[in-house]
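Visitor: File target_26.pdb follows (PDB, C-alpha atoms and all ligand atoms):
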```
ATOM      1  CA  MET G   1       0.000   0.000   0.000  1.00  0.00           C
ATOM      2  CA  THR G   2       2.784   2.431   0.826  1.00  0.00           C
ATOM      3  CA  THR G   3       3.898   2.295  -2.818  1.00  0.00           C
ATOM      4  CA  ARG G   4       0.543   3.815  -3.840  1.00  0.00           C
ATOM      5  CA  ALA G   5       0.889   6.838  -1.545  1.00  0.00           C
ATOM      6  CA  PRO G   6       3.403   8.835  -3.619  1.00  0.00           C
ATOM      7  CA  THR G   7       1.254   8.341  -6.724  1.00  0.00           C
ATOM      8  CA  LEU G   8      -1.851   9.666  -5.012  1.00  0.00           C
ATOM      9  CA  ALA G   9       0.085  12.536  -3.496  1.00  0.00           C
ATOM     10  CA  ARG G  10       1.480  13.414  -6.907  1.00  0.00           C
ATOM     11  CA  LEU G  11      -1.989  13.269  -8.438  1.00  0.00           C
ATOM     12  CA  ALA G  12      -3.414  15.493  -5.705  1.00  0.00           C
ATOM     13  CA  ARG G  13      -0.581  18.000  -6.120  1.00  0.00           C
ATOM     14  CA  CYS G  14      -1.000  17.877  -9.833  1.00  0.00           C
ATOM     15  CA  LEU G  15      -4.778  18.369  -9.752  1.00  0.00           C
ATOM     16  CA  ALA G  16      -4.272  21.356  -7.473  1.00  0.00           C
ATOM     17  CA  THR G  17      -2.494  23.058 -10.359  1.00  0.00           C
ATOM     18  CA  LEU G  18      -5.622  22.522 -12.513  1.00  0.00           C
ATOM     19  CA  ALA G  19      -3.537  21.042 -15.334  1.00  0.00           C
ATOM     20  CA  THR G  20      -5.971  18.162 -15.131  1.00  0.00           C
ATOM     21  CA  GLY G  21      -5.459  16.597 -18.536  1.00  0.00           C
ATOM     22  CA  SER G  22      -1.761  16.042 -18.169  1.00  0.00           C
ATOM     23  CA  CYS G  23      -2.215  14.982 -14.534  1.00  0.00           C
ATOM     24  CA  LEU G  24      -4.502  12.156 -15.523  1.00  0.00           C
ATOM     25  CA  ALA G  25      -2.109  11.047 -18.221  1.00  0.00           C
ATOM     26  CA  HIS G  26       0.635  10.841 -15.592  1.00  0.00           C
ATOM     27  CA  ALA G  27      -1.662   9.049 -13.166  1.00  0.00           C
ATOM     28  CA  ALA G  28      -2.407   6.435 -15.821  1.00  0.00           C
ATOM     29  CA  LEU G  29       1.301   6.004 -16.545  1.00  0.00           C
ATOM     30  CA  ALA G  30       2.065   5.642 -12.863  1.00  0.00           C
ATOM     31  CA  HIS G  31      -0.462   2.857 -12.469  1.00  0.00           C
ATOM     32  CA  GLY G  32       0.240  -0.830 -11.933  1.00  0.00           C
ATOM     33  CA  ASP G  33       3.562  -2.272 -13.054  1.00  0.00           C
ATOM     34  CA  VAL G  34       4.982   1.144 -13.848  1.00  0.00           C
ATOM     35  CA  THR G  35       5.065   2.175 -10.164  1.00  0.00           C
ATOM     36  CA  PRO G  36       8.114   0.621  -8.494  1.00  0.00           C
ATOM     37  CA  GLN G  37       6.873  -2.213  -6.338  1.00  0.00           C
ATOM     38  CA  ALA G  38       8.160  -3.000  -2.879  1.00  0.00           C
ATOM     39  CA  VAL G  39       9.350  -6.597  -2.707  1.00  0.00           C
ATOM     40  CA  ASP G  40       8.546  -8.943   0.180  1.00  0.00           C
ATOM     41  CA  THR G  41      11.900 -10.491   1.109  1.00  0.00           C
ATOM     42  CA  ARG G  42      10.883 -11.958   4.482  1.00  0.00           C
ATOM     43  CA  ALA G  43      11.397 -15.505   3.197  1.00  0.00           C
ATOM     44  CA  LEU G  44      15.096 -14.741   2.588  1.00  0.00           C
ATOM     45  CA  PRO G  45      18.050 -14.594   4.983  1.00  0.00           C
ATOM     46  CA  THR G  46      18.660 -10.960   5.989  1.00  0.00           C
ATOM     47  CA  LEU G  47      21.892  -9.426   4.718  1.00  0.00           C
ATOM     48  CA  GLY G  48      22.292  -6.385   6.969  1.00  0.00           C
ATOM     49  CA  ALA G  49      23.023  -2.796   6.053  1.00  0.00           C
ATOM     50  CA  ASP G  50      26.454  -3.241   4.449  1.00  0.00           C
ATOM     51  CA  TRP G  51      26.348  -4.167   0.791  1.00  0.00           C
ATOM     52  CA  LYS G  52      27.982  -7.487  -0.082  1.00  0.00           C
ATOM     53  CA  ALA G  53      30.790  -7.496  -2.638  1.00  0.00           C
ATOM     54  CA  GLU G  54      29.142 -10.338  -4.532  1.00  0.00           C
ATOM     55  CA  ASN G  55      25.773 -12.004  -4.873  1.00  0.00           C
ATOM     56  CA  PRO G  56      25.179 -13.988  -1.671  1.00  0.00           C
ATOM     57  CA  PHE G  57      22.084 -15.623  -3.229  1.00  0.00           C
ATOM     58  CA  ARG G  58      23.645 -17.339  -6.267  1.00  0.00           C
ATOM     59  CA  GLY G  59      21.677 -20.542  -6.875  1.00  0.00           C
ATOM     60  CA  HIS G  60      19.454 -19.923  -3.807  1.00  0.00           C
ATOM     61  CA  ALA G  61      16.065 -21.436  -4.775  1.00  0.00           C
ATOM     62  CA  GLU G  62      13.887 -19.144  -2.651  1.00  0.00           C
ATOM     63  CA  ALA G  63      15.813 -16.058  -3.751  1.00  0.00           C
ATOM     64  CA  ILE G  64      15.351 -17.033  -7.403  1.00  0.00           C
ATOM     65  CA  LYS G  65      11.591 -17.242  -6.806  1.00  0.00           C
ATOM     66  CA  VAL G  66      11.465 -13.848  -5.066  1.00  0.00           C
ATOM     67  CA  GLY G  67      13.804 -12.408  -7.707  1.00  0.00           C
ATOM     68  CA  SER G  68      11.674 -13.608 -10.599  1.00  0.00           C
ATOM     69  CA  SER G  69       8.593 -11.858  -9.247  1.00  0.00           C
ATOM     70  CA  ALA G  70      10.571  -8.739  -8.252  1.00  0.00           C
ATOM     71  CA  TYR G  71      12.071  -8.609 -11.747  1.00  0.00           C
ATOM     72  CA  ASN G  72       8.688  -8.858 -13.419  1.00  0.00           C
ATOM     73  CA  GLN G  73       7.254  -6.095 -11.228  1.00  0.00           C
ATOM     74  CA  ASN G  74      10.146  -3.655 -11.457  1.00  0.00           C
ATOM     75  CA  CYS G  75      12.355  -4.357 -14.443  1.00  0.00           C
ATOM     76  CA  ALA G  76      10.411  -6.253 -17.123  1.00  0.00           C
ATOM     77  CA  ARG G  77       8.639  -3.196 -18.516  1.00  0.00           C
ATOM     78  CA  CYS G  78      11.987  -1.962 -19.847  1.00  0.00           C
ATOM     79  CA  HIS G  79      14.241  -5.036 -19.881  1.00  0.00           C
ATOM     80  CA  GLY G  80      11.554  -7.416 -21.177  1.00  0.00           C
ATOM     81  CA  LEU G  81       9.506 -10.284 -19.788  1.00  0.00           C
ATOM     82  CA  GLU G  82      11.730 -13.145 -18.608  1.00  0.00           C
ATOM     83  CA  ALA G  83      14.691 -10.850 -19.301  1.00  0.00           C
ATOM     84  CA  ILE G  84      14.250 -11.111 -23.071  1.00  0.00           C
ATOM     85  CA  SER G  85      14.813  -7.514 -24.100  1.00  0.00           C
ATOM     86  CA  GLY G  86      12.669  -6.027 -26.821  1.00  0.00           C
ATOM     87  CA  GLY G  87      15.437  -3.511 -27.485  1.00  0.00           C
ATOM     88  CA  ILE G  88      14.375  -0.620 -25.196  1.00  0.00           C
ATOM     89  CA  ALA G  89      17.028  -1.515 -22.625  1.00  0.00           C
ATOM     90  CA  PRO G  90      20.026  -3.872 -22.487  1.00  0.00           C
ATOM     91  CA  ASP G  91      19.320  -7.609 -22.492  1.00  0.00           C
ATOM     92  CA  LEU G  92      20.201  -8.670 -18.954  1.00  0.00           C
ATOM     93  CA  ARG G  93      20.690 -12.311 -19.998  1.00  0.00           C
ATOM     94  CA  LYS G  94      23.994 -11.086 -21.432  1.00  0.00           C
ATOM     95  CA  LEU G  95      25.242  -9.438 -18.217  1.00  0.00           C
ATOM     96  CA  ASP G  96      27.832 -12.114 -17.382  1.00  0.00           C
ATOM     97  CA  ASN G  97      28.736 -12.908 -21.016  1.00  0.00           C
ATOM     98  CA  ASP G  98      32.209 -11.351 -20.764  1.00  0.00           C
ATOM     99  CA  CYS G  99      33.138 -13.926 -18.135  1.00  0.00           C
ATOM    100  CA  VAL G 100      32.141 -16.968 -20.165  1.00  0.00           C
ATOM    101  CA  THR G 101      35.286 -17.280 -22.272  1.00  0.00           C
ATOM    102  CA  LEU G 102      37.710 -16.965 -19.351  1.00  0.00           C
ATOM    103  CA  LYS G 103      39.443 -20.304 -18.960  1.00  0.00           C
ATOM    104  CA  VAL G 104      41.030 -19.937 -15.536  1.00  0.00           C
ATOM    105  CA  GLU G 105      38.367 -20.618 -12.917  1.00  0.00           C
ATOM    106  CA  ALA G 106      39.694 -17.967 -10.494  1.00  0.00           C
ATOM    107  CA  ARG G 107      39.581 -15.292 -13.186  1.00  0.00           C
ATOM    108  CA  LYS G 108      36.077 -16.309 -14.183  1.00  0.00           C
ATOM    109  CA  LYS G 109      34.973 -16.008 -10.551  1.00  0.00           C
ATOM    110  CA  ALA G 110      36.594 -12.573 -10.207  1.00  0.00           C
ATOM    111  CA  CYS G 111      34.894 -11.486 -13.415  1.00  0.00           C
ATOM    112  CA  VAL G 112      31.445 -12.457 -12.114  1.00  0.00           C
ATOM    113  CA  VAL G 113      32.126 -10.596  -8.861  1.00  0.00           C
ATOM    114  CA  GLU G 114      33.048  -7.503 -10.870  1.00  0.00           C
ATOM    115  CA  ILE G 115      29.797  -7.780 -12.841  1.00  0.00           C
ATOM    116  CA  ASP G 116      27.894  -8.230  -9.551  1.00  0.00           C
ATOM    117  CA  GLN G 117      29.284  -4.891  -8.381  1.00  0.00           C
ATOM    118  CA  TYR G 118      28.457  -3.174 -11.647  1.00  0.00           C
ATOM    119  CA  TYR G 119      24.962  -4.690 -11.518  1.00  0.00           C
ATOM    120  CA  ALA G 120      24.251  -3.625  -7.909  1.00  0.00           C
ATOM    121  CA  SER G 121      25.542  -0.124  -8.497  1.00  0.00           C
ATOM    122  CA  SER G 122      23.490   0.211 -11.730  1.00  0.00           C
ATOM    123  CA  VAL G 123      20.305  -0.860  -9.954  1.00  0.00           C
ATOM    124  CA  ARG G 124      20.885   1.278  -6.874  1.00  0.00           C
ATOM    125  CA  LYS G 125      21.859   4.460  -8.688  1.00  0.00           C
ATOM    126  CA  GLY G 126      19.884   3.925 -11.894  1.00  0.00           C
ATOM    127  CA  LYS G 127      21.148   5.320 -15.194  1.00  0.00           C
ATOM    128  CA  VAL G 128      20.930   9.086 -15.283  1.00  0.00           C
ATOM    129  CA  ARG G 129      22.972  11.164 -17.729  1.00  0.00           C
ATOM    130  CA  ASN G 130      22.715  14.877 -18.486  1.00  0.00           C
ATOM    131  CA  GLY G 131      19.452  15.026 -16.541  1.00  0.00           C
ATOM    132  CA  ALA G 132      17.810  12.249 -18.576  1.00  0.00           C
ATOM    133  CA  VAL G 133      16.598   9.240 -16.585  1.00  0.00           C
ATOM    134  CA  TYR G 134      17.229   6.142 -18.696  1.00  0.00           C
ATOM    135  CA  MET G 135      16.601   3.954 -15.689  1.00  0.00           C
ATOM    136  CA  PRO G 136      15.319   5.135 -12.274  1.00  0.00           C
ATOM    137  CA  PRO G 137      17.448   4.564  -9.156  1.00  0.00           C
ATOM    138  CA  PHE G 138      16.116   1.763  -6.945  1.00  0.00           C
ATOM    139  CA  ASP G 139      17.928   2.732  -3.740  1.00  0.00           C
ATOM    140  CA  GLY G 140      15.279   3.085  -1.030  1.00  0.00           C
ATOM    141  CA  ILE G 141      12.754   1.080  -3.083  1.00  0.00           C
ATOM    142  CA  LEU G 142      14.462  -2.305  -3.265  1.00  0.00           C
ATOM    143  CA  ASN G 143      16.448  -3.547  -0.286  1.00  0.00           C
ATOM    144  CA  GLN G 144      19.733  -5.436  -0.626  1.00  0.00           C
ATOM    145  CA  GLU G 145      17.944  -8.802  -0.409  1.00  0.00           C
ATOM    146  CA  ALA G 146      15.645  -7.894  -3.328  1.00  0.00           C
ATOM    147  CA  VAL G 147      18.495  -6.564  -5.500  1.00  0.00           C
ATOM    148  CA  TRP G 148      20.555  -9.757  -5.123  1.00  0.00           C
ATOM    149  CA  ALA G 149      17.471 -11.965  -5.489  1.00  0.00           C
ATOM    150  CA  ILE G 150      16.879 -10.363  -8.906  1.00  0.00           C
ATOM    151  CA  LYS G 151      20.506 -11.066  -9.878  1.00  0.00           C
ATOM    152  CA  ALA G 152      20.069 -14.694  -8.742  1.00  0.00           C
ATOM    153  CA  TYR G 153      17.023 -14.905 -11.015  1.00  0.00           C
ATOM    154  CA  LEU G 154      18.900 -13.277 -13.923  1.00  0.00           C
ATOM    155  CA  GLU G 155      21.679 -15.862 -13.516  1.00  0.00           C
ATOM    156  CA  THR G 156      19.097 -18.568 -14.294  1.00  0.00           C
ATOM    157  CA  ARG G 157      18.325 -16.694 -17.527  1.00  0.00           C
ATOM    158  CA  ARG G 158      21.932 -16.348 -18.746  1.00  0.00           C
ATOM    159  CA  GLU G 159      22.317 -16.445 -22.510  1.00  0.00           C
ATOM    160  CA  LYS G 160      25.539 -18.431 -22.169  1.00  0.00           C
ATOM    161  CA  PRO G 161      25.850 -20.590 -19.069  1.00  0.00           C
ATOM    162  CA  LEU G 162      29.174 -20.128 -17.240  1.00  0.00           C
TER     163      LEU G 162
HETATM  164  C1  LIG C   1      12.464   2.809 -17.194  1.00  0.00           C
HETATM  165  C2  LIG C   1      13.109   1.675 -17.808  1.00  0.00           C
HETATM  166  C3  LIG C   1      13.972   0.806 -16.932  1.00  0.00           C
HETATM  167  C4  LIG C   1      13.636   0.139 -15.787  1.00  0.00           C
HETATM  168  C5  LIG C   1      12.298   0.135 -15.068  1.00  0.00           C
HETATM  169  C6  LIG C   1      14.812  -0.596 -15.399  1.00  0.00           C
HETATM  170  N1  LIG C   1      15.825  -0.375 -16.268  1.00  0.00           N
HETATM  171 FE1  LIG C   1      17.698  -1.112 -16.178  1.00  0.00          FE
HETATM  172  N2  LIG C   1      18.271   0.010 -17.748  1.00  0.00           N
HETATM  173  C7  LIG C   1      17.413   0.743 -18.545  1.00  0.00           C
HETATM  174  C8  LIG C   1      18.166   1.357 -19.621  1.00  0.00           C
HETATM  175  C9  LIG C   1      17.587   2.229 -20.730  1.00  0.00           C
HETATM  176  C10 LIG C   1      19.511   0.971 -19.449  1.00  0.00           C
HETATM  177  C11 LIG C   1      20.713   1.399 -20.297  1.00  0.00           C
HETATM  178  C12 LIG C   1      21.126   2.736 -19.755  1.00  0.00           C
HETATM  179  C13 LIG C   1      22.262   3.380 -20.455  1.00  0.00           C
HETATM  180  O1  LIG C   1      22.126   3.670 -21.637  1.00  0.00           O
HETATM  181  O2  LIG C   1      23.282   3.600 -19.786  1.00  0.00           O
HETATM  182  C14 LIG C   1      19.526   0.120 -18.261  1.00  0.00           C
HETATM  183  C15 LIG C   1      20.670  -0.487 -17.765  1.00  0.00           C
HETATM  184  C16 LIG C   1      20.671  -1.456 -16.792  1.00  0.00           C
HETATM  185  C17 LIG C   1      21.836  -2.207 -16.374  1.00  0.00           C
HETATM  186  C18 LIG C   1      23.227  -2.093 -16.983  1.00  0.00           C
HETATM  187  C19 LIG C   1      23.240  -3.068 -18.134  1.00  0.00           C
HETATM  188  C20 LIG C   1      24.444  -3.024 -19.002  1.00  0.00           C
HETATM  189  O3  LIG C   1      24.571  -3.944 -19.865  1.00  0.00           O
HETATM  190  O4  LIG C   1      25.283  -2.116 -18.901  1.00  0.00           O
HETATM  191  C21 LIG C   1      21.430  -3.076 -15.412  1.00  0.00           C
HETATM  192  C22 LIG C   1      22.291  -4.084 -14.665  1.00  0.00           C
HETATM  193  C23 LIG C   1      20.009  -2.864 -15.208  1.00  0.00           C
HETATM  194  N3  LIG C   1      19.586  -1.869 -16.057  1.00  0.00           N
HETATM  195  C24 LIG C   1      19.245  -3.586 -14.330  1.00  0.00           C
HETATM  196  C25 LIG C   1      17.906  -3.280 -14.047  1.00  0.00           C
HETATM  197  C26 LIG C   1      17.124  -3.966 -13.045  1.00  0.00           C
HETATM  198  C27 LIG C   1      17.600  -5.143 -12.217  1.00  0.00           C
HETATM  199  C28 LIG C   1      15.906  -3.345 -13.012  1.00  0.00           C
HETATM  200  C29 LIG C   1      14.762  -3.613 -12.071  1.00  0.00           C
HETATM  201  C30 LIG C   1      15.059  -3.574 -10.660  1.00  0.00           C
HETATM  202  C31 LIG C   1      15.922  -2.284 -14.019  1.00  0.00           C
HETATM  203  N4  LIG C   1      17.141  -2.297 -14.626  1.00  0.00           N
HETATM  204  C32 LIG C   1      14.862  -1.441 -14.300  1.00  0.00           C
HETATM  205  C33 LIG C   1      16.063   0.924 -18.341  1.00  0.00           C
HETATM  206  C34 LIG C   1      15.357   0.470 -17.234  1.00  0.00           C
END
```
Hey, can you dump this file as structure tokens for me?
Ligand code: HEC

Guide:
Amino acid sequence: MTTRAPTLARLARCLATLATGSCLAHAALAHGDVTPQAVDTRALPTLGADWKAENPFRGHAEAIKVGSSAYNQNCARCHGLEAISGGIAPDLRKLDNDCVTLKVEARKKACVVEIDQYYASSVRKGKVRNGAVYMPPFDGILNQEAVWAIKAYLETRREKPL
């Protein structure tokens, strides 16, 4: 319910300006899957306030379940259903592709950790350049558990298995 509050507040503020037509257009856009959705992570181990250097939920069955639903609610509208991009945003099945060809196991592992960090920072800060929001920041909307659960889900959707 709390996720609805900002939308209603925005609509109320907007209507107060009497620019009703454009307000309603925004309200429609902000409806349903377009509003960032809080994710229920109570089924997952808690990770604390400090961000982990790598995905603590790799291969974690419950996290993959939570991550799949969190992905569909928060990311799919741009990155595509089941992570199959329609071209609006990068195809997240390819995220770990650079690591695939590395032959030495230790280097492959380090590569995935590096991608984990890039992933978490992208999701937390979003993608904003020159004032244009390509992707909204999710800090304060998704907790650490939800962010890593989504990565665990995306790892099940990899284009090229490691
Ligand atoms: C409003 C559309 C939108 C939403 C919603 C969105 N993204 Fe993005 N995302 C983008 C775009 C566009 C880019 C590419 C930005 C750029 O050009 O730098 C991007 C980039 C990324 C990247 C970097 C990919 C790369 O190959 O460099 C990651 C990781 C990512 N998004 C993850 C997510 C996750 C996880 C979610 C859901 C929690 C999400 N995004 C929600 C639009 C979106």

Visitor: Smallest atom-to-atom distance to ligand LIG 1 (chain C): which of G:Asp40, G:Glu54, G:Asp91, G:Glu145, using all atoms listed in the file?

Guide: G:Asp91

Visitor: What does the PyMOL selection byres (((chain G and resi 152-155) around 9) and not hetatm) select in this file, as a VMD selection string?

Guide: chain G and resid 55 to 61 63 to 68 71 82 to 83 92 to 93 95 to 96 147 to 151 156 to 158 161

Visitor: Using all atoms listed in the file, find the one residue out of G:Lys103, G:Lys160, G:Arg42, G:Lys125 that sits nearest to ligand LIG 1 (chain C).

Guide: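 Among the listed residues, G:Lys125 lies closest to ligand LIG 1 (chain C).
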
Visitor: Find the residue from G:Asp98, G:Asp50, G:Glu62, G:Glu105 that sits nearest to ligand LIG 1 (chain C); use all atoms listed in the file when measuring.

Guide: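 When distances to ligand LIG 1 (chain C) are compared using all atoms listed in the file, the smallest one comes from G:Asp98.
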
Visitor: Enumerate as a ChimeraX atom specification the residues within 6 Å of ligand LIG 1 (chain C), counting only C-alpha atoms and all ligand atoms.

Guide: /G:71,74-75,78,89-90,95,119,122-123,127,134-135

Visitor: Would you kindly translate the PyMOL selection byres (((chain G and resi 49) around 12) and not hetatm) into the concrete residues it picks from this file, as JSON, numbers by chain?

Guide: {"G": [46, 47, 48, 50, 51, 52, 143, 144, 145]}

Visitor: Of the candidates G:Ile88, G:Ala146, G:Val100, G:Ala120, which one gets nearest to Gln37 (chain G) if we count only C-alpha atoms?

Guide: G:Ala146

Visitor: What is the distance, in Å and to one decimal place, between CA of Cys99 (chain G) and CA of Ser69 (chain G)?

Guide: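 CA of Ser69 (chain G) lies 26.2 Å from CA of Cys99 (chain G).
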
Visitor: Enter the distance from CA of Leu162 (chain G) to CA of Leu81 (chain G), in Å, rounded to one decimal.

Guide: 22.1 Å

Visitor: Go through G:Glu159, G:Leu142, G:Gly87, G:Asp116 one by one, measure the shortest atom-to-atom distance of each to Thr41 (chain G) using all atoms listed in the file, and give the residue with the smallest value.

Guide: G:Leu142

Visitor: May I ask for the distance between CA of Ala53 (chain G) and CA of Val113 (chain G), given in Å to one decimal place?

Guide: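 Between CA of Ala53 (chain G) and CA of Val113 (chain G) the gap is 7.1 Å.
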
Visitor: Taking all atoms listed in the file into account, name the residue in G:Cys111, G:Ile141, G:Ala76, G:Leu44 that is nearest to Arg124 (chain G).

Guide: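 Ranked by minimum distance to Arg124 (chain G), first place goes to G:Ile141.
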
Visitor: Is it possible to add N, CA and C atoms to region 45-70 of chain G and hand it back as a compact mmCIF listing (two decimals), in the coordinates of the input?

Guide:
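As written to disk, rebuild18.txt reads:
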```
# COMPACT_ATOMS: atom_id res chain seq x y z
N PRO G 45 17.14 -14.98 3.90
CA PRO G 45 18.05 -14.59 4.98
C PRO G 45 18.31 -13.09 4.90
N THR G 46 18.39 -12.40 6.04
CA THR G 46 18.66 -10.96 5.99
C THR G 46 20.16 -10.73 5.80
N LEU G 47 20.50 -9.66 5.10
CA LEU G 47 21.89 -9.43 4.72
C LEU G 47 22.52 -8.25 5.46
N GLY G 48 21.74 -7.52 6.22
CA GLY G 48 22.29 -6.38 6.97
C GLY G 48 22.42 -5.14 6.11
N ALA G 49 22.99 -4.10 6.71
CA ALA G 49 23.02 -2.80 6.05
C ALA G 49 24.18 -2.67 5.06
N ASP G 50 25.29 -3.37 5.34
CA ASP G 50 26.45 -3.24 4.45
C ASP G 50 26.27 -4.08 3.20
N TRP G 51 26.54 -3.45 2.05
CA TRP G 51 26.35 -4.17 0.79
C TRP G 51 27.45 -5.20 0.58
N LYS G 52 27.04 -6.40 0.18
CA LYS G 52 27.98 -7.49 -0.08
C LYS G 52 28.74 -7.19 -1.37
N ALA G 53 29.97 -7.72 -1.45
CA ALA G 53 30.79 -7.50 -2.64
C ALA G 53 30.34 -8.39 -3.79
N GLU G 54 29.65 -9.48 -3.46
CA GLU G 54 29.14 -10.34 -4.53
C GLU G 54 27.81 -10.95 -4.13
N ASN G 55 27.11 -11.49 -5.12
CA ASN G 55 25.77 -12.00 -4.87
C ASN G 55 25.78 -13.16 -3.87
N PRO G 56 25.21 -12.93 -2.67
CA PRO G 56 25.18 -13.99 -1.67
C PRO G 56 24.08 -15.02 -1.96
N PHE G 57 23.24 -14.75 -2.95
CA PHE G 57 22.08 -15.62 -3.23
C PHE G 57 22.23 -16.44 -4.51
N ARG G 58 23.47 -16.56 -5.04
CA ARG G 58 23.64 -17.34 -6.27
C ARG G 58 23.12 -18.76 -6.08
N GLY G 59 22.19 -19.17 -6.94
CA GLY G 59 21.68 -20.54 -6.88
C GLY G 59 20.71 -20.80 -5.73
N HIS G 60 20.35 -19.78 -4.97
CA HIS G 60 19.45 -19.92 -3.81
C HIS G 60 18.01 -19.99 -4.31
N ALA G 61 17.37 -21.18 -4.15
CA ALA G 61 16.07 -21.44 -4.78
C ALA G 61 15.01 -20.40 -4.39
N GLU G 62 14.92 -20.09 -3.10
CA GLU G 62 13.89 -19.14 -2.65
C GLU G 62 14.17 -17.75 -3.20
N ALA G 63 15.44 -17.38 -3.23
CA ALA G 63 15.81 -16.06 -3.75
C ALA G 63 15.47 -15.95 -5.24
N ILE G 64 15.66 -17.04 -5.97
CA ILE G 64 15.35 -17.03 -7.40
C ILE G 64 13.85 -16.81 -7.61
N LYS G 65 13.05 -17.41 -6.73
CA LYS G 65 11.59 -17.24 -6.81
C LYS G 65 11.22 -15.78 -6.54
N VAL G 66 11.75 -15.25 -5.43
CA VAL G 66 11.46 -13.85 -5.07
C VAL G 66 11.99 -12.93 -6.18
N GLY G 67 13.17 -13.24 -6.69
CA GLY G 67 13.80 -12.41 -7.71
C GLY G 67 13.02 -12.39 -9.01
N SER G 68 12.45 -13.52 -9.37
CA SER G 68 11.67 -13.61 -10.60
C SER G 68 10.47 -12.68 -10.51
N SER G 69 9.77 -12.72 -9.39
CA SER G 69 8.59 -11.86 -9.25
C SER G 69 9.01 -10.39 -9.13
N ALA G 70 10.08 -10.13 -8.40
CA ALA G 70 10.57 -8.74 -8.25
C ALA G 70 11.01 -8.19 -9.60
```
